[in-house]
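Raw query_20.pdb, PDB, C-alpha atoms:
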```pdb
MODEL        1
ATOM      1  CA  MET A  20       0.000   0.000   0.000
ATOM      2  CA  GLU A  21       2.891   2.344   0.862
ATOM      3  CA  ASN A  22       4.544   1.759  -2.540
ATOM      4  CA  GLU A  23       1.226   2.206  -4.337
ATOM      5  CA  ALA A  24       0.850   5.628  -2.709
ATOM      6  CA  LEU A  25       3.982   6.775  -4.590
ATOM      7  CA  ILE A  26       2.517   6.045  -8.015
ATOM      8  CA  PRO A  27       0.375   8.791  -9.598
ATOM      9  CA  ARG A  28      -3.019   7.569 -10.780
ATOM     10  CA  VAL A  29      -4.994   9.136 -13.571
ATOM     11  CA  ALA A  30      -8.159  10.631 -12.082
ATOM     12  CA  VAL A  31     -11.161  11.809 -14.047
ATOM     13  CA  VAL A  32     -12.975  14.846 -12.671
ATOM     14  CA  LYS A  33     -16.542  13.592 -12.379
ATOM     15  CA  GLU A  34     -18.191  16.699 -10.885
ATOM     16  CA  ILE A  35     -17.219  20.215  -9.795
ATOM     17  CA  ILE A  36     -19.214  22.077  -7.148
ATOM     18  CA  GLN A  37     -18.792  25.839  -6.664
ATOM     19  CA  GLU A  38     -18.740  26.247  -2.868
ATOM     20  CA  THR A  39     -17.718  29.920  -2.577
ATOM     21  CA  GLY A  40     -16.183  32.547  -4.838
ATOM     22  CA  ASP A  41     -12.729  30.955  -4.507
ATOM     23  CA  VAL A  42     -13.439  27.388  -3.325
ATOM     24  CA  LYS A  43     -14.525  24.485  -5.526
ATOM     25  CA  THR A  44     -15.120  20.856  -4.599
ATOM     26  CA  PHE A  45     -13.846  18.275  -7.088
ATOM     27  CA  ARG A  46     -15.246  14.738  -7.169
ATOM     28  CA  VAL A  47     -12.858  12.370  -8.925
ATOM     29  CA  VAL A  48     -12.804   8.717  -9.968
ATOM     30  CA  GLY A  49     -10.273   6.449 -11.636
ATOM     31  CA  GLU A  50     -10.217   5.719 -15.345
ATOM     32  CA  ASP A  51     -12.378   2.681 -14.597
ATOM     33  CA  GLY A  52     -15.042   4.931 -13.046
ATOM     34  CA  LYS A  53     -14.371   3.629  -9.545
ATOM     35  CA  LYS A  54     -12.976   5.194  -6.379
ATOM     36  CA  LEU A  55      -9.190   5.679  -6.552
ATOM     37  CA  PHE A  56      -8.264   4.139  -3.181
ATOM     38  CA  GLU A  57      -9.432   3.696   0.408
ATOM     39  CA  HIS A  58      -8.440   6.255   3.046
ATOM     40  CA  ILE A  59      -8.822   7.244   6.706
ATOM     41  CA  PRO A  60     -10.502  10.551   7.702
ATOM     42  CA  GLY A  61      -7.788  13.199   7.886
ATOM     43  CA  GLN A  62      -5.482  11.725   5.265
ATOM     44  CA  CYS A  63      -4.274  13.700   2.240
ATOM     45  CA  ALA A  64      -3.389  13.080  -1.393
ATOM     46  CA  MET A  65      -0.987  14.710  -3.838
ATOM     47  CA  LEU A  66      -2.827  16.311  -6.747
ATOM     48  CA  SER A  67      -0.842  17.267  -9.824
ATOM     49  CA  ALA A  68      -1.070  18.451 -13.403
ATOM     50  CA  PRO A  69       1.981  17.773 -15.628
ATOM     51  CA  GLY A  70       3.751  20.977 -16.532
ATOM     52  CA  ILE A  71       1.748  22.953 -13.961
ATOM     53  CA  GLY A  72       2.670  21.667 -10.506
ATOM     54  CA  GLU A  73       1.512  19.557  -7.591
ATOM     55  CA  ALA A  74       0.165  20.138  -4.076
ATOM     56  CA  MET A  75      -0.877  18.152  -1.030
ATOM     57  CA  ILE A  76      -4.651  18.434  -0.546
ATOM     58  CA  SER A  77      -6.908  17.061   2.194
ATOM     59  CA  ILE A  78      -9.349  14.350   1.170
ATOM     60  CA  THR A  79     -12.690  15.941   1.939
ATOM     61  CA  SER A  80     -15.011  12.983   1.420
ATOM     62  CA  SER A  81     -15.738  10.390   4.095
ATOM     63  CA  PRO A  82     -14.363   6.868   3.530
ATOM     64  CA  THR A  83     -17.984   5.734   3.715
ATOM     65  CA  ILE A  84     -18.575   7.245   0.253
ATOM     66  CA  LYS A  85     -17.684   4.430  -2.122
ATOM     67  CA  GLU A  86     -18.290   6.097  -5.490
ATOM     68  CA  TYR A  87     -15.592   8.821  -5.554
ATOM     69  CA  GLN A  88     -12.964  10.854  -3.704
ATOM     70  CA  GLU A  89     -13.640  14.505  -3.008
ATOM     71  CA  PHE A  90     -11.298  17.498  -2.624
ATOM     72  CA  SER A  91     -12.368  21.031  -1.626
ATOM     73  CA  ILE A  92      -9.748  23.407  -3.027
ATOM     74  CA  LYS A  93      -9.216  27.122  -2.471
ATOM     75  CA  LYS A  94      -7.798  29.115  -5.388
ATOM     76  CA  VAL A  95      -4.496  30.426  -4.006
ATOM     77  CA  GLY A  96      -1.668  29.581  -6.439
ATOM     78  CA  ILE A  97      -0.586  28.246  -9.832
ATOM     79  CA  LEU A  98      -1.873  24.675  -9.484
ATOM     80  CA  THR A  99      -5.093  25.589  -7.688
ATOM     81  CA  SER A 100      -5.822  28.298 -10.278
ATOM     82  CA  TYR A 101      -5.371  25.689 -13.008
ATOM     83  CA  LEU A 102      -7.689  23.255 -11.212
ATOM     84  CA  HIS A 103     -10.305  25.993 -10.913
ATOM     85  CA  SER A 104     -10.146  26.439 -14.707
ATOM     86  CA  ILE A 105     -10.853  22.825 -15.692
ATOM     87  CA  GLU A 106     -14.209  21.250 -16.519
ATOM     88  CA  PRO A 107     -15.835  17.911 -15.614
ATOM     89  CA  GLY A 108     -14.411  15.114 -17.753
ATOM     90  CA  GLN A 109     -10.846  16.397 -17.673
ATOM     91  CA  GLU A 110      -8.034  14.381 -16.091
ATOM     92  CA  ILE A 111      -5.541  15.116 -13.319
ATOM     93  CA  LEU A 112      -3.017  12.953 -11.456
ATOM     94  CA  VAL A 113      -3.533  11.828  -7.861
ATOM     95  CA  ARG A 114      -1.249   9.835  -5.572
ATOM     96  CA  GLY A 115      -1.901   8.774  -2.018
ATOM     97  CA  PRO A 116      -3.238   8.443   0.535
ATOM     98  CA  TYR A 117      -0.687  10.025   2.893
ATOM     99  CA  GLY A 118      -0.624  10.567   6.634
ATOM    100  CA  ASN A 119      -2.013   8.987   9.768
ATOM    101  CA  GLY A 120      -5.587  10.345   9.842
ATOM    102  CA  PHE A 121      -7.751  11.001  12.882
ATOM    103  CA  PRO A 122      -8.142   8.194  15.476
ATOM    104  CA  VAL A 123     -11.833   7.708  14.651
ATOM    105  CA  ASP A 124     -11.867   4.002  15.447
ATOM    106  CA  THR A 125      -9.823   4.228  18.657
ATOM    107  CA  THR A 126      -9.473   7.432  20.721
ATOM    108  CA  PHE A 127     -12.560   9.177  19.313
ATOM    109  CA  LYS A 128     -14.883   6.202  19.671
ATOM    110  CA  GLY A 129     -17.580   6.680  22.301
ATOM    111  CA  LYS A 130     -16.599  10.340  22.881
ATOM    112  CA  ASP A 131     -18.491  13.602  22.521
ATOM    113  CA  LEU A 132     -16.655  15.447  19.738
ATOM    114  CA  LEU A 133     -16.174  19.181  19.199
ATOM    115  CA  PHE A 134     -15.065  20.312  15.725
ATOM    116  CA  ILE A 135     -13.776  23.881  15.397
ATOM    117  CA  ALA A 136     -12.868  25.281  11.971
ATOM    118  CA  GLY A 137     -12.103  28.559  10.271
ATOM    119  CA  GLY A 138     -12.324  29.274   6.528
ATOM    120  CA  ILE A 139     -11.089  26.440   4.293
ATOM    121  CA  GLY A 140     -10.046  24.653   7.514
ATOM    122  CA  VAL A 141     -13.457  23.006   7.462
ATOM    123  CA  ALA A 142     -12.329  20.874   4.488
ATOM    124  CA  PRO A 143     -10.080  18.452   6.432
ATOM    125  CA  LEU A 144     -12.767  18.148   9.117
ATOM    126  CA  HIS A 145     -15.552  17.450   6.608
ATOM    127  CA  SER A 146     -14.303  13.895   6.126
ATOM    128  CA  VAL A 147     -14.167  13.006   9.816
ATOM    129  CA  ILE A 148     -17.495  14.707  10.638
ATOM    130  CA  ASN A 149     -19.324  12.765   7.929
ATOM    131  CA  TYR A 150     -17.556   9.561   8.955
ATOM    132  CA  CYS A 151     -18.885  10.047  12.496
ATOM    133  CA  ARG A 152     -22.353  10.793  11.133
ATOM    134  CA  ALA A 153     -22.272   7.592   9.069
ATOM    135  CA  HIS A 154     -21.282   5.583  12.172
ATOM    136  CA  ARG A 155     -23.548   7.562  14.485
ATOM    137  CA  SER A 156     -23.930   4.948  17.246
ATOM    138  CA  ASP A 157     -20.142   4.847  17.775
ATOM    139  CA  TYR A 158     -19.939   8.466  18.958
ATOM    140  CA  GLY A 159     -21.609  10.764  21.453
ATOM    141  CA  HIS A 160     -22.777  14.333  20.850
ATOM    142  CA  LEU A 161     -21.268  16.124  17.847
ATOM    143  CA  THR A 162     -20.698  19.883  17.997
ATOM    144  CA  VAL A 163     -19.423  21.987  15.095
ATOM    145  CA  VAL A 164     -18.252  25.604  15.471
ATOM    146  CA  TYR A 165     -17.355  27.091  12.099
ATOM    147  CA  GLY A 166     -16.640  30.616  10.966
ATOM    148  CA  SER A 167     -15.385  32.557   7.975
ATOM    149  CA  ARG A 168     -14.997  36.140   6.790
ATOM    150  CA  SER A 169     -18.516  36.387   5.360
ATOM    151  CA  LYS A 170     -21.568  34.288   4.615
ATOM    152  CA  GLU A 171     -20.332  33.887   1.029
ATOM    153  CA  ASP A 172     -17.072  32.384   2.339
ATOM    154  CA  LEU A 173     -18.710  29.610   4.392
ATOM    155  CA  VAL A 174     -17.768  26.329   2.697
ATOM    156  CA  ASP A 175     -20.363  23.497   2.668
ATOM    157  CA  LEU A 176     -23.022  25.897   4.000
ATOM    158  CA  LYS A 177     -25.884  24.167   2.172
ATOM    159  CA  GLU A 178     -24.936  20.741   3.542
ATOM    160  CA  MET A 179     -24.613  22.163   7.060
ATOM    161  CA  GLN A 180     -28.012  23.846   6.934
ATOM    162  CA  GLU A 181     -29.911  21.053   5.193
ATOM    163  CA  GLU A 182     -28.283  18.020   6.835
ATOM    164  CA  TRP A 183     -26.010  18.662   9.808
ATOM    165  CA  MET A 184     -28.309  21.141  11.552
ATOM    166  CA  LYS A 185     -31.270  18.751  11.258
ATOM    167  CA  GLU A 186     -29.458  15.727  12.676
ATOM    168  CA  ASP A 187     -30.262  14.450  16.169
ATOM    169  CA  ASN A 188     -27.601  14.808  18.849
ATOM    170  CA  MET A 189     -25.649  17.306  16.757
ATOM    171  CA  ASP A 190     -25.257  21.096  17.088
ATOM    172  CA  VAL A 191     -23.832  23.454  14.478
ATOM    173  CA  TYR A 192     -22.790  27.012  15.374
ATOM    174  CA  LEU A 193     -21.885  29.353  12.500
ATOM    175  CA  THR A 194     -20.289  32.779  12.694
ATOM    176  CA  ILE A 195     -18.889  35.397  10.323
ATOM    177  CA  ASP A 196     -16.278  38.045  11.089
ATOM    178  CA  ARG A 197     -18.396  41.147  10.441
ATOM    179  CA  GLU A 198     -22.061  42.066  10.200
ATOM    180  CA  GLU A 199     -23.581  41.968   6.734
ATOM    181  CA  GLU A 200     -26.998  42.376   5.197
ATOM    182  CA  GLY A 201     -28.961  39.128   5.061
ATOM    183  CA  TRP A 202     -27.069  37.451   7.913
ATOM    184  CA  ASP A 203     -28.993  37.046  11.167
ATOM    185  CA  GLY A 204     -26.587  34.566  12.776
ATOM    186  CA  HIS A 205     -23.666  35.119  15.128
ATOM    187  CA  VAL A 206     -21.036  37.747  14.283
ATOM    188  CA  GLY A 207     -17.514  37.477  15.645
ATOM    189  CA  PHE A 208     -14.288  35.524  15.423
ATOM    190  CA  VAL A 209     -14.221  31.779  16.032
ATOM    191  CA  PRO A 210     -11.983  31.806  19.167
ATOM    192  CA  ASN A 211     -14.257  34.330  20.892
ATOM    193  CA  TYR A 212     -17.370  32.391  19.892
ATOM    194  CA  VAL A 213     -15.954  29.178  21.374
ATOM    195  CA  THR A 214     -15.394  30.990  24.668
ATOM    196  CA  GLU A 215     -18.869  32.563  24.566
ATOM    197  CA  LEU A 216     -20.511  29.180  24.030
ATOM    198  CA  ASN A 217     -18.792  27.895  27.197
ATOM    199  CA  LEU A 218     -18.734  24.376  25.785
ATOM    200  CA  PRO A 219     -18.222  21.452  28.204
ATOM    201  CA  ASN A 220     -14.602  20.371  28.629
ATOM    202  CA  THR A 221     -15.568  16.695  28.606
ATOM    203  CA  GLN A 222     -15.432  16.684  24.807
ATOM    204  CA  THR A 223     -12.555  15.779  22.497
ATOM    205  CA  ALA A 224     -11.816  18.809  20.309
ATOM    206  CA  VAL A 225     -10.525  18.892  16.729
ATOM    207  CA  LEU A 226      -9.201  22.207  15.350
ATOM    208  CA  CYS A 227      -8.368  23.272  11.816
ATOM    209  CA  GLY A 228      -7.909  26.723  10.373
ATOM    210  CA  PRO A 229      -5.394  29.571  10.097
ATOM    211  CA  PRO A 230      -2.533  29.339  12.651
ATOM    212  CA  ILE A 231      -3.671  32.509  14.444
ATOM    213  CA  MET A 232      -7.174  31.053  14.865
ATOM    214  CA  ILE A 233      -5.791  27.793  16.244
ATOM    215  CA  HIS A 234      -3.528  29.691  18.667
ATOM    216  CA  PHE A 235      -6.310  31.788  20.197
ATOM    217  CA  THR A 236      -8.858  28.956  20.107
ATOM    218  CA  LEU A 237      -6.470  26.695  22.007
ATOM    219  CA  ASP A 238      -5.999  29.431  24.622
ATOM    220  CA  GLY A 239      -9.780  29.657  24.975
ATOM    221  CA  LEU A 240     -10.183  25.899  25.293
ATOM    222  CA  LYS A 241      -7.533  25.781  28.024
ATOM    223  CA  LYS A 242      -9.416  28.471  29.943
ATOM    224  CA  LEU A 243     -12.501  26.251  29.681
ATOM    225  CA  GLY A 244     -10.510  23.389  31.201
ATOM    226  CA  PHE A 245      -9.528  21.379  28.134
ATOM    227  CA  GLN A 246      -6.243  19.465  28.406
ATOM    228  CA  ASP A 247      -3.691  19.077  25.597
ATOM    229  CA  ASN A 248      -4.502  15.380  25.218
ATOM    230  CA  GLN A 249      -8.138  16.287  24.444
ATOM    231  CA  VAL A 250      -7.308  18.538  21.484
ATOM    232  CA  TYR A 251      -6.213  17.483  17.980
ATOM    233  CA  THR A 252      -5.212  19.376  14.859
ATOM    234  CA  THR A 253      -3.857  18.656  11.389
ATOM    235  CA  LEU A 254      -0.699  20.213   9.926
ATOM    236  CA  GLU A 255      -0.985  19.150   6.284
ATOM    237  CA  MET A 256      -0.224  22.670   5.015
ATOM    238  CA  ARG A 257       3.444  22.010   5.857
ATOM    239  CA  MET A 258       3.646  18.949   3.614
ATOM    240  CA  LYS A 259       5.400  19.065   0.244
ATOM    241  CA  CYS A 260       6.769  15.742  -1.052
ATOM    242  CA  GLY A 261       4.645  13.390   1.064
ATOM    243  CA  ILE A 262       7.438  10.840   1.589
ATOM    244  CA  GLY A 263       9.750  12.458   4.158
ATOM    245  CA  LYS A 264      12.511  13.404   1.699
ATOM    246  CA  CYS A 265      12.313  17.163   1.110
ATOM    247  CA  GLY A 266      12.467  18.138   4.798
ATOM    248  CA  ARG A 267       9.925  20.933   4.516
ATOM    249  CA  CYS A 268       7.569  19.333   7.046
ATOM    250  CA  ASN A 269      10.259  18.465   9.601
ATOM    251  CA  VAL A 270       9.276  19.543  13.133
ATOM    252  CA  GLY A 271      11.688  18.436  15.850
ATOM    253  CA  ASP A 272      12.298  14.726  15.255
ATOM    254  CA  LYS A 273       9.047  14.289  13.308
ATOM    255  CA  PHE A 274       8.044  14.532   9.666
ATOM    256  CA  VAL A 275       4.463  15.718   9.303
ATOM    257  CA  CYS A 276       3.918  13.661   6.127
ATOM    258  CA  LYS A 277       5.050  10.416   7.796
ATOM    259  CA  ASP A 278       4.199  10.936  11.491
ATOM    260  CA  GLY A 279       1.187  13.219  10.959
ATOM    261  CA  PRO A 280      -0.505  15.278   9.679
ATOM    262  CA  VAL A 281      -2.817  14.657  12.647
ATOM    263  CA  PHE A 282      -1.351  15.351  16.088
ATOM    264  CA  SER A 283      -2.741  15.930  19.552
ATOM    265  CA  PHE A 284      -1.470  19.064  21.256
ATOM    266  CA  GLU A 285       0.060  16.752  23.864
ATOM    267  CA  GLU A 286       2.238  15.319  21.069
ATOM    268  CA  LEU A 287       3.042  18.761  19.674
ATOM    269  CA  ALA A 288       4.233  19.916  23.105
ATOM    270  CA  THR A 289       7.057  17.345  22.937
ATOM    271  CA  MET A 290       8.203  18.519  19.500
ATOM    272  CA  THR A 291      10.779  21.289  19.283
ATOM    273  CA  GLY A 292      10.500  23.932  16.595
ATOM    274  CA  GLU A 293       7.667  25.922  15.098
ATOM    275  CA  TYR A 294       4.449  24.228  14.016
TER     276      TYR A 294
ENDMDL
END
```

Structure translated into structure tokens:
Amino acid sequence: MENEALIPRVAVVKEIIQETGDVKTFRVVGEDGKKLFEHIPGQCAMLSAPGIGEAMISITSSPTIKEYQEFSIKKVGILTSYLHSIEPGQEILVRGPYGNGFPVDTTFKGKDLLFIAGGIGVAPLHSVINYCRAHRSDYGHLTVVYGSRSKEDLVDLKEMQEEWMKEDNMDVYLTIDREEEGWDGHVGFVPNYVTELNLPNTQTAVLCGPPIMIHFTLDGLKKLGFQDNQVYTTLEMRMKCGIGKCGRCNVGDKFVCKDGPVFSFEELATMTGEY
């Protein structure tokens, strides 16, 4: 399986969904029309276009979806701009999966889970949230706190409103940075909202978003009584080659692509260097 992850596979773009002005979700299959490979929630894949470039992208779809793999991609650079220009039916290259994923079948099992995301940071969490929803009896209460700059920047908003918010034993709290016409929900930054909600510290928390958001959210969770071993995050933005050779993702004695990208903050506390 490890050797197979090094070999690029031809992927056909089956469907493209416009999520926001600069985020699209791509559903891809192999040349045979089937799912490319199996994965664990939280794992990533290397997407590439010959002559354009390659990038490590979170797998957005839950492993419980058997028809395709899904990637939600923000337009930020050369490769992502190219991907945003293609149409359904075109081909790209995909290799993977990479990383350790979230401990959904071990540590998370039987726990109340709190997912906190900012901006495109909801993409890596989408897979694990929908995995938990598909295996509902294995988990306790699910809470999602998600925020972005504006209503138009909220990724997966339709799914959240039409599915997640209507599910039993699940709460979804949305916020945007500033007031705007047509928005009657919460206004404010994610870290402050988490503190305002005064969520119970008996939950296991999963964070993903800009580093500054994670920093202040973690401070807020600690004030609420959360311990480092209760909080997880994913560091896939540091990954480049995916096989521990380029050194870009080296943190202390760890390589994010081989030892992560998912870490508890208890693990991160033992790693020297910036993360």

Mind checking which residues fall within 6 Å of A:Met189, counting only C-alpha atoms, ignoring those fewer than 2 positions away in the same chain, and posting them as a PyMOL selection string? chain A and resi 160-162+186-187

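A straight line drawn from atom CA of A:Pro229 to atom CA of A:Val32 is 28.2 Å long.
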
Report as a list in words all protein, DNA and RNA residues lying within 6 Å of A:Pro280, evaluated on all atoms listed in the file, omitting residues in the same chain fewer than 5 positions from it.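 My reading of the contact set: Gly118, Thr253, Leu254, Glu255 and Val275 of chain A.
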
Reference answer for the PyMOL selection byres ((chain A and resi 190-200) around 9), as a ChimeraX atom specification: /A:160-170,172-173,179-180,183-189,201-209,212

When distances are computed from all atoms listed in the file, which of A:Thr236, A:Ser80, A:Lys54, A:Asp124 shows the smallest separation from A:Gly137? A:Thr236

Residues proximal to (-13.3, 6.6, 2.8) were defined as those with any atom within 7 Å of that point in the file's coordinates, counting only C-alpha atoms. Which are they, as a VMD selection string? chain A and resid 57 to 60 80 to 85

In Å and to one decimal, atom CA of A:Cys265 is distant from atom CA of A:Gly70 by 20.0 Å

Can you work out the spacing between atom CA of A:Asp247 and atom CA of A:Leu144 in Å, to one decimal?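 So the two atoms, atom CA of A:Asp247 and atom CA of A:Leu144, lie 18.8 Å apart.
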
Edge lengths and centre in Å, axis-aligned, stretch 193-205 of chain A plus 4 Å each side, as JSON:
```
{"center_x": -22.6, "center_y": 35.9, "center_z": 10.1, "size_x": 20.7, "size_y": 21.0, "size_z": 18.1}
```

Selection as a PDB file with C-alpha atoms, keeping the file's coordinate frame: residues within 9 Å of (11.2, 12.4, 5.6), counting all atoms listed in the file:
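Final output, result.pdb:
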```pdb
ATOM      1  CA  CYS A 260       6.769  15.742  -1.052  1.00  0.00           C
ATOM      2  CA  GLY A 261       4.645  13.390   1.064  1.00  0.00           C
ATOM      3  CA  ILE A 262       7.438  10.840   1.589  1.00  0.00           C
ATOM      4  CA  GLY A 263       9.750  12.458   4.158  1.00  0.00           C
ATOM      5  CA  LYS A 264      12.511  13.404   1.699  1.00  0.00           C
ATOM      6  CA  CYS A 265      12.313  17.163   1.110  1.00  0.00           C
ATOM      7  CA  GLY A 266      12.467  18.138   4.798  1.00  0.00           C
ATOM      8  CA  ARG A 267       9.925  20.933   4.516  1.00  0.00           C
ATOM      9  CA  CYS A 268       7.569  19.333   7.046  1.00  0.00           C
ATOM     10  CA  ASN A 269      10.259  18.465   9.601  1.00  0.00           C
ATOM     11  CA  LYS A 273       9.047  14.289  13.308  1.00  0.00           C
ATOM     12  CA  PHE A 274       8.044  14.532   9.666  1.00  0.00           C
ATOM     13  CA  VAL A 275       4.463  15.718   9.303  1.00  0.00           C
ATOM     14  CA  CYS A 276       3.918  13.661   6.127  1.00  0.00           C
ATOM     15  CA  LYS A 277       5.050  10.416   7.796  1.00  0.00           C
TER      16      LYS A 277
END
```

Please reconstruct the missing atoms of stretch 169-186 of chain A (target: N, CA, C and O atoms) and return them as a PDB file, in the coordinates of the input.
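Just written: selection_17.pdb:
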```
ATOM      1  N   SER A 169     -17.169  35.949   5.711  1.00  0.00           N
ATOM      2  CA  SER A 169     -18.516  36.387   5.360  1.00  0.00           C
ATOM      3  C   SER A 169     -19.380  35.163   5.096  1.00  0.00           C
ATOM      4  O   SER A 169     -18.879  34.035   5.024  1.00  0.00           O
ATOM      5  N   LYS A 170     -20.663  35.396   4.930  1.00  0.00           N
ATOM      6  CA  LYS A 170     -21.568  34.288   4.615  1.00  0.00           C
ATOM      7  C   LYS A 170     -21.148  33.620   3.309  1.00  0.00           C
ATOM      8  O   LYS A 170     -21.199  32.390   3.176  1.00  0.00           O
ATOM      9  N   GLU A 171     -20.709  34.416   2.337  1.00  0.00           N
ATOM     10  CA  GLU A 171     -20.332  33.887   1.029  1.00  0.00           C
ATOM     11  C   GLU A 171     -19.072  33.029   1.101  1.00  0.00           C
ATOM     12  O   GLU A 171     -18.787  32.259   0.186  1.00  0.00           O
ATOM     13  N   ASP A 172     -18.307  33.150   2.192  1.00  0.00           N
ATOM     14  CA  ASP A 172     -17.072  32.384   2.339  1.00  0.00           C
ATOM     15  C   ASP A 172     -17.251  31.120   3.167  1.00  0.00           C
ATOM     16  O   ASP A 172     -16.273  30.396   3.411  1.00  0.00           O
ATOM     17  N   LEU A 173     -18.456  30.827   3.610  1.00  0.00           N
ATOM     18  CA  LEU A 173     -18.710  29.610   4.392  1.00  0.00           C
ATOM     19  C   LEU A 173     -18.796  28.410   3.445  1.00  0.00           C
ATOM     20  O   LEU A 173     -19.720  28.303   2.640  1.00  0.00           O
ATOM     21  N   VAL A 174     -17.822  27.523   3.545  1.00  0.00           N
ATOM     22  CA  VAL A 174     -17.768  26.329   2.697  1.00  0.00           C
ATOM     23  C   VAL A 174     -18.761  25.286   3.222  1.00  0.00           C
ATOM     24  O   VAL A 174     -18.939  25.138   4.425  1.00  0.00           O
ATOM     25  N   ASP A 175     -19.403  24.561   2.320  1.00  0.00           N
ATOM     26  CA  ASP A 175     -20.363  23.497   2.668  1.00  0.00           C
ATOM     27  C   ASP A 175     -21.583  24.026   3.441  1.00  0.00           C
ATOM     28  O   ASP A 175     -22.222  23.275   4.183  1.00  0.00           O
ATOM     29  N   LEU A 176     -21.915  25.299   3.247  1.00  0.00           N
ATOM     30  CA  LEU A 176     -23.022  25.897   4.000  1.00  0.00           C
ATOM     31  C   LEU A 176     -24.345  25.179   3.751  1.00  0.00           C
ATOM     32  O   LEU A 176     -25.107  24.918   4.686  1.00  0.00           O
ATOM     33  N   LYS A 177     -24.619  24.834   2.494  1.00  0.00           N
ATOM     34  CA  LYS A 177     -25.884  24.167   2.172  1.00  0.00           C
ATOM     35  C   LYS A 177     -26.000  22.829   2.891  1.00  0.00           C
ATOM     36  O   LYS A 177     -27.040  22.505   3.472  1.00  0.00           O
ATOM     37  N   GLU A 178     -24.927  22.039   2.860  1.00  0.00           N
ATOM     38  CA  GLU A 178     -24.936  20.741   3.542  1.00  0.00           C
ATOM     39  C   GLU A 178     -25.135  20.916   5.045  1.00  0.00           C
ATOM     40  O   GLU A 178     -25.869  20.169   5.686  1.00  0.00           O
ATOM     41  N   MET A 179     -24.476  21.910   5.617  1.00  0.00           N
ATOM     42  CA  MET A 179     -24.613  22.163   7.060  1.00  0.00           C
ATOM     43  C   MET A 179     -26.051  22.512   7.430  1.00  0.00           C
ATOM     44  O   MET A 179     -26.599  22.007   8.417  1.00  0.00           O
ATOM     45  N   GLN A 180     -26.661  23.395   6.626  1.00  0.00           N
ATOM     46  CA  GLN A 180     -28.012  23.846   6.934  1.00  0.00           C
ATOM     47  C   GLN A 180     -29.059  22.773   6.671  1.00  0.00           C
ATOM     48  O   GLN A 180     -30.022  22.625   7.432  1.00  0.00           O
ATOM     49  N   GLU A 181     -28.880  22.013   5.590  1.00  0.00           N
ATOM     50  CA  GLU A 181     -29.911  21.053   5.193  1.00  0.00           C
ATOM     51  C   GLU A 181     -29.734  19.669   5.812  1.00  0.00           C
ATOM     52  O   GLU A 181     -30.693  18.894   5.871  1.00  0.00           O
ATOM     53  N   GLU A 182     -28.520  19.354   6.278  1.00  0.00           N
ATOM     54  CA  GLU A 182     -28.283  18.020   6.835  1.00  0.00           C
ATOM     55  C   GLU A 182     -27.767  18.065   8.270  1.00  0.00           C
ATOM     56  O   GLU A 182     -28.416  17.553   9.185  1.00  0.00           O
ATOM     57  N   TRP A 183     -26.624  18.688   8.484  1.00  0.00           N
ATOM     58  CA  TRP A 183     -26.010  18.662   9.808  1.00  0.00           C
ATOM     59  C   TRP A 183     -26.907  19.288  10.879  1.00  0.00           C
ATOM     60  O   TRP A 183     -27.053  18.736  11.969  1.00  0.00           O
ATOM     61  N   MET A 184     -27.497  20.440  10.560  1.00  0.00           N
ATOM     62  CA  MET A 184     -28.309  21.141  11.552  1.00  0.00           C
ATOM     63  C   MET A 184     -29.597  20.395  11.898  1.00  0.00           C
ATOM     64  O   MET A 184     -30.206  20.659  12.934  1.00  0.00           O
ATOM     65  N   LYS A 185     -30.016  19.487  11.033  1.00  0.00           N
ATOM     66  CA  LYS A 185     -31.270  18.751  11.258  1.00  0.00           C
ATOM     67  C   LYS A 185     -31.036  17.384  11.906  1.00  0.00           C
ATOM     68  O   LYS A 185     -31.984  16.657  12.170  1.00  0.00           O
ATOM     69  N   GLU A 186     -29.775  17.047  12.136  1.00  0.00           N
ATOM     70  CA  GLU A 186     -29.458  15.727  12.676  1.00  0.00           C
ATOM     71  C   GLU A 186     -29.596  15.708  14.199  1.00  0.00           C
ATOM     72  O   GLU A 186     -29.219  16.662  14.892  1.00  0.00           O
TER      73      GLU A 186
END
```
